[in-house]
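work.cif, holding mmCIF, C-alpha atoms and all ligand atoms:
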data_target
#
loop_
_atom_site.label_atom_id
_atom_site.label_comp_id
_atom_site.auth_asym_id
_atom_site.auth_seq_id
_atom_site.Cartn_x
_atom_site.Cartn_y
_atom_site.Cartn_z
CA MET A 27 25.80 -4.72 23.10
CA PRO A 28 24.30 -7.85 24.74
CA PRO A 29 20.65 -7.64 25.87
CA PRO A 30 20.20 -6.55 29.50
CA ALA A 31 19.61 -9.39 31.95
CA PRO A 32 15.89 -9.87 32.63
CA SER A 33 14.73 -9.03 36.11
CA ARG A 34 13.73 -11.68 38.63
CA LEU A 35 10.92 -11.65 41.13
CA LEU A 36 10.81 -13.77 44.30
CA SER A 37 10.25 -17.01 42.34
CA ASP A 38 13.44 -16.55 40.30
CA VAL A 39 11.42 -16.48 37.08
CA PRO A 40 12.50 -13.62 34.82
CA VAL A 41 9.99 -10.84 34.19
CA THR A 42 10.11 -9.34 30.71
CA ALA A 43 8.19 -6.59 28.95
CA LYS A 44 6.49 -5.86 25.64
CA ILE A 45 6.22 -2.22 24.60
CA CYS A 46 3.24 -2.07 22.28
CA GLY A 47 2.02 0.43 19.72
CA LEU A 48 5.40 1.81 18.68
CA THR A 49 5.22 4.12 15.68
CA THR A 50 8.55 5.97 15.52
CA LEU A 51 12.21 5.02 15.30
CA GLU A 52 13.03 7.20 18.30
CA THR A 53 10.63 5.45 20.65
CA LEU A 54 11.43 2.03 19.20
CA ASP A 55 15.07 2.71 20.01
CA ALA A 56 14.10 3.66 23.57
CA ALA A 57 12.26 0.35 23.96
CA LEU A 58 15.23 -1.57 22.58
CA SER A 59 17.87 0.25 24.61
CA GLY A 60 15.74 -0.10 27.73
CA GLY A 61 15.64 -3.88 27.37
CA ALA A 62 12.17 -4.71 26.01
CA SER A 63 11.84 -8.41 25.19
CA HIS A 64 9.00 -7.75 22.72
CA VAL A 65 7.88 -4.79 20.64
CA GLY A 66 4.34 -4.42 19.32
CA PHE A 67 3.14 -3.03 16.00
CA VAL A 68 -0.59 -2.32 15.63
CA PHE A 69 -2.42 -3.13 12.40
CA PHE A 70 -5.91 -1.84 13.14
CA PRO A 71 -7.03 1.31 11.29
CA ALA A 72 -9.20 2.62 14.13
CA SER A 73 -6.19 2.76 16.43
CA PRO A 74 -4.09 5.92 16.88
CA ARG A 75 -1.11 3.53 16.72
CA HIS A 76 -2.03 1.95 13.39
CA LEU A 77 0.99 1.44 11.12
CA THR A 78 1.18 1.49 7.37
CA LEU A 79 3.05 -1.46 5.90
CA GLU A 80 5.80 0.91 4.81
CA THR A 81 6.31 2.27 8.32
CA ALA A 82 6.21 -1.25 9.73
CA THR A 83 8.98 -2.28 7.36
CA GLY A 84 11.18 0.60 8.50
CA LEU A 85 10.65 -0.15 12.18
CA ALA A 86 10.99 -3.92 11.90
CA GLY A 87 14.38 -3.68 10.21
CA ARG A 88 15.78 -2.06 13.32
CA VAL A 89 14.79 -4.79 15.77
CA PRO A 90 17.56 -7.23 16.72
CA THR A 91 16.84 -10.96 16.60
CA HIS A 92 16.73 -11.38 20.39
CA VAL A 93 13.66 -9.09 20.53
CA GLN A 94 10.32 -10.48 19.34
CA ARG A 95 8.17 -8.47 16.93
CA VAL A 96 4.47 -8.83 17.70
CA GLY A 97 1.71 -7.68 15.34
CA VAL A 98 -1.58 -6.63 16.94
CA PHE A 99 -4.82 -7.33 15.05
CA VAL A 100 -8.58 -7.31 15.65
CA ASP A 101 -10.25 -10.34 14.05
CA PRO A 102 -8.25 -9.79 10.84
CA GLU A 103 -8.58 -11.15 7.31
CA ASP A 104 -5.76 -13.39 6.09
CA ALA A 105 -4.66 -10.80 3.53
CA LEU A 106 -3.89 -8.22 6.21
CA VAL A 107 -2.03 -10.72 8.39
CA GLU A 108 -0.02 -11.93 5.42
CA ALA A 109 1.04 -8.42 4.41
CA ALA A 110 1.82 -7.40 7.99
CA VAL A 111 3.81 -10.56 8.77
CA LYS A 112 5.97 -9.82 5.77
CA ALA A 113 6.36 -6.07 6.29
CA GLY A 114 6.78 -6.25 10.06
CA ARG A 115 8.81 -9.50 10.02
CA LEU A 116 6.48 -10.65 12.74
CA ASP A 117 7.48 -13.38 15.17
CA ALA A 118 4.06 -13.41 16.81
CA ILE A 119 0.48 -12.47 15.95
CA GLN A 120 -1.65 -10.96 18.75
CA LEU A 121 -5.36 -11.37 18.14
CA HIS A 122 -8.17 -9.44 19.84
CA LYS A 123 -11.86 -10.33 19.48
CA THR A 124 -10.93 -13.44 17.51
CA PRO A 125 -12.79 -16.72 18.15
CA PRO A 126 -10.73 -19.84 18.99
CA ALA A 127 -11.34 -21.57 15.64
CA ARG A 128 -10.10 -18.52 13.78
CA VAL A 129 -7.07 -18.28 16.08
CA ALA A 130 -6.26 -21.91 15.23
CA ALA A 131 -6.63 -21.24 11.51
CA ILE A 132 -4.32 -18.20 11.64
CA ARG A 133 -1.73 -20.18 13.56
CA ALA A 134 -1.89 -23.01 11.01
CA THR A 135 -1.71 -20.65 8.05
CA PHE A 136 1.13 -18.43 9.20
CA GLY A 137 3.18 -20.75 11.42
CA ARG A 138 3.88 -18.02 13.97
CA ASP A 139 3.26 -17.79 17.68
CA VAL A 140 -0.30 -16.63 18.17
CA TRP A 141 -1.45 -14.71 21.23
CA ALA A 142 -5.16 -14.70 22.01
CA ALA A 143 -6.44 -11.73 24.00
CA VAL A 144 -8.86 -12.60 26.80
CA ALA A 145 -10.89 -9.51 27.72
CA VAL A 146 -11.42 -9.47 31.48
CA LYS A 147 -13.85 -7.55 33.64
CA THR A 148 -15.19 -10.22 35.98
CA GLY A 149 -14.08 -13.68 37.05
CA ALA A 150 -16.55 -15.24 34.60
CA ASP A 151 -14.53 -13.79 31.71
CA LEU A 152 -11.62 -16.06 32.60
CA ALA A 153 -13.62 -19.05 31.31
CA GLN A 154 -12.61 -17.87 27.83
CA ALA A 155 -9.02 -18.85 28.53
CA ALA A 156 -9.70 -22.60 28.34
CA HIS A 157 -11.26 -22.23 24.89
CA TYR A 158 -7.91 -21.14 23.47
CA ALA A 159 -5.96 -24.17 24.77
CA GLY A 160 -4.66 -25.99 21.70
CA THR A 161 -5.28 -23.00 19.43
CA ALA A 162 -3.15 -20.10 20.70
CA THR A 163 0.44 -20.33 21.92
CA ARG A 164 -0.09 -17.64 24.55
CA LEU A 165 -2.94 -15.85 26.30
CA LEU A 166 -2.96 -12.12 26.88
CA TYR A 167 -5.20 -11.07 29.75
CA ASP A 168 -6.37 -7.56 28.95
CA ALA A 169 -9.03 -5.26 30.43
CA LYS A 170 -12.40 -5.48 28.70
CA THR A 171 -13.27 -2.16 27.08
CA PRO A 172 -16.89 -0.89 26.90
CA GLU A 173 -19.11 -2.32 24.11
CA THR A 174 -19.24 1.13 22.55
CA ALA A 175 -15.47 1.70 22.61
CA GLU A 176 -13.67 2.00 19.30
CA LEU A 177 -10.80 -0.17 20.50
CA PRO A 178 -10.83 -3.56 22.23
CA GLY A 179 -7.49 -2.70 23.86
CA GLY A 180 -4.96 0.08 24.12
CA MET A 181 -7.21 2.31 26.21
CA GLY A 182 -5.27 2.27 29.45
CA LEU A 183 -7.99 0.40 31.32
CA ARG A 184 -7.09 -2.14 33.96
CA PHE A 185 -8.98 -5.03 35.52
CA ASP A 186 -8.94 -6.39 39.04
CA TRP A 187 -5.63 -8.27 39.13
CA ARG A 188 -6.86 -10.28 42.13
CA LEU A 189 -8.97 -12.25 39.65
CA LEU A 190 -5.80 -13.98 38.45
CA GLU A 191 -4.63 -14.96 41.94
CA GLY A 192 -4.59 -18.75 42.03
CA PHE A 193 -6.00 -19.06 38.50
CA ARG A 194 -4.81 -22.17 36.63
CA HIS A 195 -3.57 -20.87 33.29
CA PRO A 196 -4.07 -23.28 30.39
CA LEU A 197 -1.26 -21.69 28.36
CA PRO A 198 1.75 -19.42 28.77
CA TRP A 199 0.40 -15.93 29.30
CA ALA A 200 1.04 -12.22 29.60
CA LEU A 201 -0.63 -9.40 31.52
CA SER A 202 -1.82 -6.15 29.99
CA GLY A 203 -4.36 -3.41 30.53
CA GLY A 204 -3.62 -0.09 32.16
CA LEU A 205 -0.09 -0.91 33.27
CA ASP A 206 2.45 1.84 33.87
CA ALA A 207 5.73 2.39 35.69
CA GLY A 208 3.90 3.16 38.89
CA ASN A 209 1.69 0.08 39.08
CA VAL A 210 3.58 -2.70 37.30
CA THR A 211 5.32 -3.88 40.48
CA GLU A 212 2.01 -4.40 42.27
CA ALA A 213 0.50 -6.02 39.16
CA VAL A 214 3.31 -8.58 38.97
CA ARG A 215 3.24 -9.26 42.69
CA ARG A 216 -0.49 -9.89 42.59
CA THR A 217 -0.59 -12.01 39.44
CA SER A 218 2.91 -13.55 39.20
CA ALA A 219 3.04 -12.48 35.56
CA THR A 220 6.39 -13.09 33.88
CA LEU A 221 5.56 -11.04 30.77
CA VAL A 222 3.89 -7.62 30.95
CA ASP A 223 2.56 -5.60 28.04
CA VAL A 224 2.01 -1.83 27.98
CA SER A 225 0.84 0.78 25.52
CA SER A 226 -1.10 3.78 26.93
CA GLY A 227 0.91 3.82 30.15
CA VAL A 228 4.06 4.85 28.28
CA GLU A 229 2.39 7.59 26.22
CA SER A 230 1.93 11.35 26.64
CA ALA A 231 -1.28 11.26 24.54
CA PRO A 232 -3.12 8.44 22.70
CA GLY A 233 -0.69 7.07 20.11
CA VAL A 234 2.22 9.27 21.20
CA LYS A 235 4.87 7.22 22.94
CA ASP A 236 7.07 9.03 25.44
CA LYS A 237 10.70 7.92 25.60
CA GLY A 238 11.04 8.77 29.28
CA ARG A 239 7.93 6.77 30.20
CA VAL A 240 9.10 3.82 28.11
CA LEU A 241 12.43 3.80 29.92
CA ALA A 242 10.81 4.27 33.33
CA PHE A 243 8.49 1.31 32.69
CA LEU A 244 11.34 -0.95 31.63
CA LYS A 245 13.40 0.16 34.62
CA ALA A 246 10.52 -0.69 36.95
CA VAL A 247 10.23 -4.15 35.39
CA GLN A 248 13.97 -4.70 35.70
CA SER A 249 13.85 -3.70 39.35
CA LEU A 250 11.35 -6.43 40.24
O1 LIG A 301 -3.03 -0.32 21.14
C1 LIG A 301 -4.03 -0.33 20.41
O2 LIG A 301 -4.39 0.66 19.79
C2 LIG A 301 -4.83 -1.58 20.30
C3 LIG A 301 -5.79 -1.65 19.32
C4 LIG A 301 -6.54 -2.79 19.16
C5 LIG A 301 -6.33 -3.87 20.00
C6 LIG A 301 -5.38 -3.81 21.00
C7 LIG A 301 -4.61 -2.69 21.15
N1 LIG A 301 -3.64 -2.60 22.13
C8 LIG A 301 -3.34 -3.59 23.09
O3 LIG A 301 -4.10 -3.38 24.27
C9 LIG A 301 -3.36 -3.83 25.40
C10 LIG A 301 -3.48 -2.88 26.54
O4 LIG A 301 -3.08 -1.61 26.23
P1 LIG A 301 -2.97 -0.44 27.35
O5 LIG A 301 -1.60 -0.57 27.97
O6 LIG A 301 -4.05 -0.62 28.34
O7 LIG A 301 -3.10 0.81 26.57
C11 LIG A 301 -1.94 -4.04 24.92
O8 LIG A 301 -1.74 -5.43 24.82
C12 LIG A 301 -1.91 -3.52 23.54
O9 LIG A 301 -1.17 -4.41 22.76
#

Translate this structure into structure tokens?
Amino acid sequence: MPPPAPSRLLSDVPVTAKICGLTTLETLDAALSGGASHVGFVFFPASPRHLTLETATGLAGRVPTHVQRVGVFVDPEDALVEAAVKAGRLDAIQLHKTPPARVAAIRATFGRDVWAAVAVKTGADLAQAAHYAGTATRLLYDAKTPETAELPGGMGLRFDWRLLEGFRHPLPWALSGGLDAGNVTEAVRRTSATLVDVSSGVESAPGVKDKGRVLAFLKAVQSL
């Protein structure tokens, strides 16, 4: 079956979606049948969505070539990235809490697209974006989690989307942080994002994806 046509918002630019933190075949299939452009596999042991390499291999083998596989890491060692790229057949490497020089090194070593997460709470945080120009291939604006939080993302927190209004992005980018089927339309209208990324907002509990919520999110994106 051909992939569903991406949705279009006012500007005629297609809006696509990444469903992140998938851990089961059933919910991966929901993301694929619902038209996700990207699927995310988390390689961070503190996360409730952390995958073993064996599970990643099983999931990755199911993903058709028109859908991008994205591995999510937190300032990882090369050995973990290498094993995960192989097991998860990763097209892209998403890096949280990773300094620009390290992002550049990972991109050079692995030859994959590299997404750098920019943690946003205030307008001043957006200054980080420029530091990744020439190192990452894409920025991911995500909500900053508290210093004491176990996870730098994947907590369902959102930031003030108005901060991105009129912002000059130095790279292609995606929007994440607290998105769900009920708020993604407003988020895209405010920010003009053309790629949105969700994890908690399509779960029934931390780490437990819900097929119905996955499909509802993708439907909302396709209705834009
Ligand atoms: O999902 C995780 O467990 C995770 C762990 C470590 C870093 C990032 C993680 N998730 C990413 O966080 C954003 C936002 O997620 P949410 O929708 O607010 O729950 C998303 O890009 C995930 O890829």

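If all atoms listed in the file are the atoms counted, then among A:Leu183, A:Ala127, A:Ala118, A:Leu189 the closest residue to A:Val224 is A:Leu183.
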
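Taking atom CA of A:Gln248 and atom CA of A:Thr217 as endpoints, the distance between them is 16.7 Å.
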
Could you list, as a PyMOL selection string, all residues that come within 7 Å of ligand LIG 301 (chain A)? Count only C-alpha atoms and all ligand atoms. chain A and resi 46-47+66+68+70+73-76+98-100+122+168+177-184+202-205+223-227

A:Ile45, A:Ala82, A:Leu165, A:Val39: which is nearest A:Val228, counting only C-alpha atoms?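 Answer, going by the shortest atom-to-atom distance: A:Ile45.
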
Of the candidates A:Leu116, A:Val41, A:Leu85, A:Ala109, which one gets nearest to A:Thr211 if we count all atoms listed in the file?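 Nearest to A:Thr211: A:Val41.
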
Need the shell around A:Ala105: protein/DNA/RNA residues with any atom at most 12 Å away, counting all atoms listed in the file. Skip same-chain ones fewer than 3 positions apart. Format as a list in words?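 Those residues are Phe69, Asp101, Pro102, Glu108, Ala109, Ala110, Val111, Lys112, Ile132, Thr135 and Phe136 of chain A.
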
Coordinates-based distance that separates atom CA of A:Gly137 from atom CA of A:Val65 (Å, one decimal):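 Taking atom CA of A:Val65 and atom CA of A:Gly137, their separation equals 19.0 Å.
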
Provide the atom CA of A:Gly160 to atom CA of A:Thr124 distance in Å, to one decimal place.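 So the two atoms, atom CA of A:Gly160 and atom CA of A:Thr124, lie 14.6 Å apart.
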
Determine the nearest neighbour of A:Lys245 from the options A:Leu201, A:Ala130, A:Ala231, A:Ala62, counting all atoms listed in the file. A:Ala62

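If only C-alpha atoms are the atoms counted, then among A:Pro90, A:Phe243, A:Lys147, A:Gly233 the closest residue to A:Leu48 is A:Gly233.
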
Pick from A:Leu106, A:Asp55, A:Gly208, A:Thr78 nearest to A:Val93, counting only C-alpha atoms: A:Asp55

Near A:Ser218, within 12 Å and counting only C-alpha atoms, which residues show up once chain neighbours fewer than 4 positions away are dropped, as a list of chain:residue names?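 That gives A:Arg34, A:Leu35, A:Leu36, A:Ser37, A:Asp38, A:Val39, A:Pro40, A:Val41, A:Thr42, A:Trp187, A:Arg188, A:Leu189, A:Leu190, A:Glu191, A:Gly192, A:Phe193, A:Arg194, A:His195, A:Trp199, A:Ala200, A:Leu201, A:Val210, A:Thr211, A:Glu212, A:Ala213, A:Val214, A:Val222, A:Leu250.
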
Close residues, A:Thr161 itself excluded, 12 Å, all atoms listed in the file, min 4 positions apart in chain, as a PyMOL selection string: chain A and resi 121+124-134+137-142+155-157+165+196-197

Just save stretch 72-108 of chain A with N, CA and C atoms, as a compact mmCIF listing (two decimals), in the first residue's frame.
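part_31.txt, freshly written:
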# COMPACT_ATOMS: atom_id res chain seq x y z
N ALA A 72 17.51 4.91 31.44
CA ALA A 72 16.62 5.50 32.45
C ALA A 72 15.20 5.71 31.92
N SER A 73 15.03 5.53 30.62
CA SER A 73 13.70 5.79 30.03
C SER A 73 12.80 4.56 30.12
N PRO A 74 11.50 4.77 30.37
CA PRO A 74 10.57 3.63 30.34
C PRO A 74 10.39 3.09 28.92
N ARG A 75 10.98 3.78 27.94
CA ARG A 75 10.84 3.34 26.53
C ARG A 75 12.13 2.73 26.00
N HIS A 76 13.10 2.56 26.90
CA HIS A 76 14.40 2.04 26.48
C HIS A 76 14.25 0.68 25.80
N LEU A 77 14.97 0.50 24.68
CA LEU A 77 14.91 -0.77 23.95
C LEU A 77 16.21 -1.55 24.12
N THR A 78 16.09 -2.85 24.24
CA THR A 78 17.29 -3.68 24.07
C THR A 78 17.62 -3.71 22.58
N LEU A 79 18.86 -4.09 22.29
CA LEU A 79 19.26 -4.18 20.87
C LEU A 79 18.42 -5.25 20.17
N GLU A 80 18.11 -6.29 20.87
CA GLU A 80 17.33 -7.38 20.27
C GLU A 80 15.92 -6.90 19.90
N THR A 81 15.30 -6.18 20.81
CA THR A 81 13.96 -5.66 20.50
C THR A 81 14.03 -4.66 19.35
N ALA A 82 15.07 -3.83 19.37
CA ALA A 82 15.22 -2.84 18.30
C ALA A 82 15.34 -3.54 16.94
N THR A 83 16.06 -4.63 16.91
CA THR A 83 16.22 -5.36 15.64
C THR A 83 14.87 -5.85 15.14
N GLY A 84 14.07 -6.39 16.04
CA GLY A 84 12.75 -6.91 15.65
C GLY A 84 11.84 -5.81 15.13
N LEU A 85 11.86 -4.66 15.78
CA LEU A 85 10.99 -3.55 15.36
C LEU A 85 11.48 -2.97 14.03
N ALA A 86 12.79 -2.76 13.94
CA ALA A 86 13.34 -2.08 12.76
C ALA A 86 13.05 -2.84 11.48
N GLY A 87 13.05 -4.17 11.57
CA GLY A 87 12.85 -4.98 10.38
C GLY A 87 11.47 -4.82 9.78
N ARG A 88 10.58 -4.23 10.53
CA ARG A 88 9.19 -4.08 10.09
C ARG A 88 8.93 -2.73 9.41
N VAL A 89 9.91 -1.85 9.47
CA VAL A 89 9.67 -0.47 9.01
C VAL A 89 10.00 -0.36 7.52
N PRO A 90 9.05 0.06 6.71
CA PRO A 90 9.33 0.19 5.27
C PRO A 90 10.31 1.33 4.99
N THR A 91 10.92 1.29 3.80
CA THR A 91 12.00 2.24 3.52
C THR A 91 11.53 3.70 3.45
N HIS A 92 10.23 3.93 3.18
CA HIS A 92 9.80 5.33 3.10
C HIS A 92 9.61 5.96 4.48
N VAL A 93 9.75 5.16 5.54
CA VAL A 93 9.64 5.69 6.91
C VAL A 93 11.03 5.70 7.54
N GLN A 94 11.38 6.84 8.14
CA GLN A 94 12.72 6.99 8.73
C GLN A 94 12.74 6.44 10.15
N ARG A 95 13.81 5.70 10.46
CA ARG A 95 14.02 5.18 11.82
C ARG A 95 14.97 6.12 12.54
N VAL A 96 14.54 6.63 13.68
CA VAL A 96 15.33 7.60 14.42
C VAL A 96 15.68 7.00 15.79
N GLY A 97 16.95 6.98 16.13
CA GLY A 97 17.39 6.52 17.44
C GLY A 97 17.57 7.71 18.37
N VAL A 98 17.05 7.58 19.59
CA VAL A 98 17.11 8.69 20.57
C VAL A 98 18.15 8.35 21.64
N PHE A 99 19.08 9.30 21.86
CA PHE A 99 20.19 9.08 22.78
C PHE A 99 20.39 10.32 23.66
N VAL A 100 21.04 10.09 24.81
CA VAL A 100 21.41 11.21 25.69
C VAL A 100 22.93 11.18 25.84
N ASP A 101 23.59 12.13 25.19
CA ASP A 101 25.05 12.25 25.20
C ASP A 101 25.73 10.87 25.23
N PRO A 102 25.53 10.09 24.17
CA PRO A 102 25.97 8.68 24.20
C PRO A 102 27.45 8.48 23.86
N GLU A 103 27.96 7.33 24.27
CA GLU A 103 29.28 6.86 23.83
C GLU A 103 29.14 6.31 22.41
N ASP A 104 30.26 6.31 21.68
CA ASP A 104 30.24 5.77 20.31
C ASP A 104 29.77 4.31 20.27
N ALA A 105 30.19 3.54 21.28
CA ALA A 105 29.88 2.10 21.23
C ALA A 105 28.37 1.86 21.23
N LEU A 106 27.64 2.65 22.03
CA LEU A 106 26.18 2.49 22.06
C LEU A 106 25.57 2.91 20.73
N VAL A 107 26.04 4.03 20.19
CA VAL A 107 25.47 4.50 18.92
C VAL A 107 25.73 3.46 17.83
N GLU A 108 26.95 2.94 17.82
CA GLU A 108 27.30 1.97 16.79
C GLU A 108 26.39 0.74 16.86
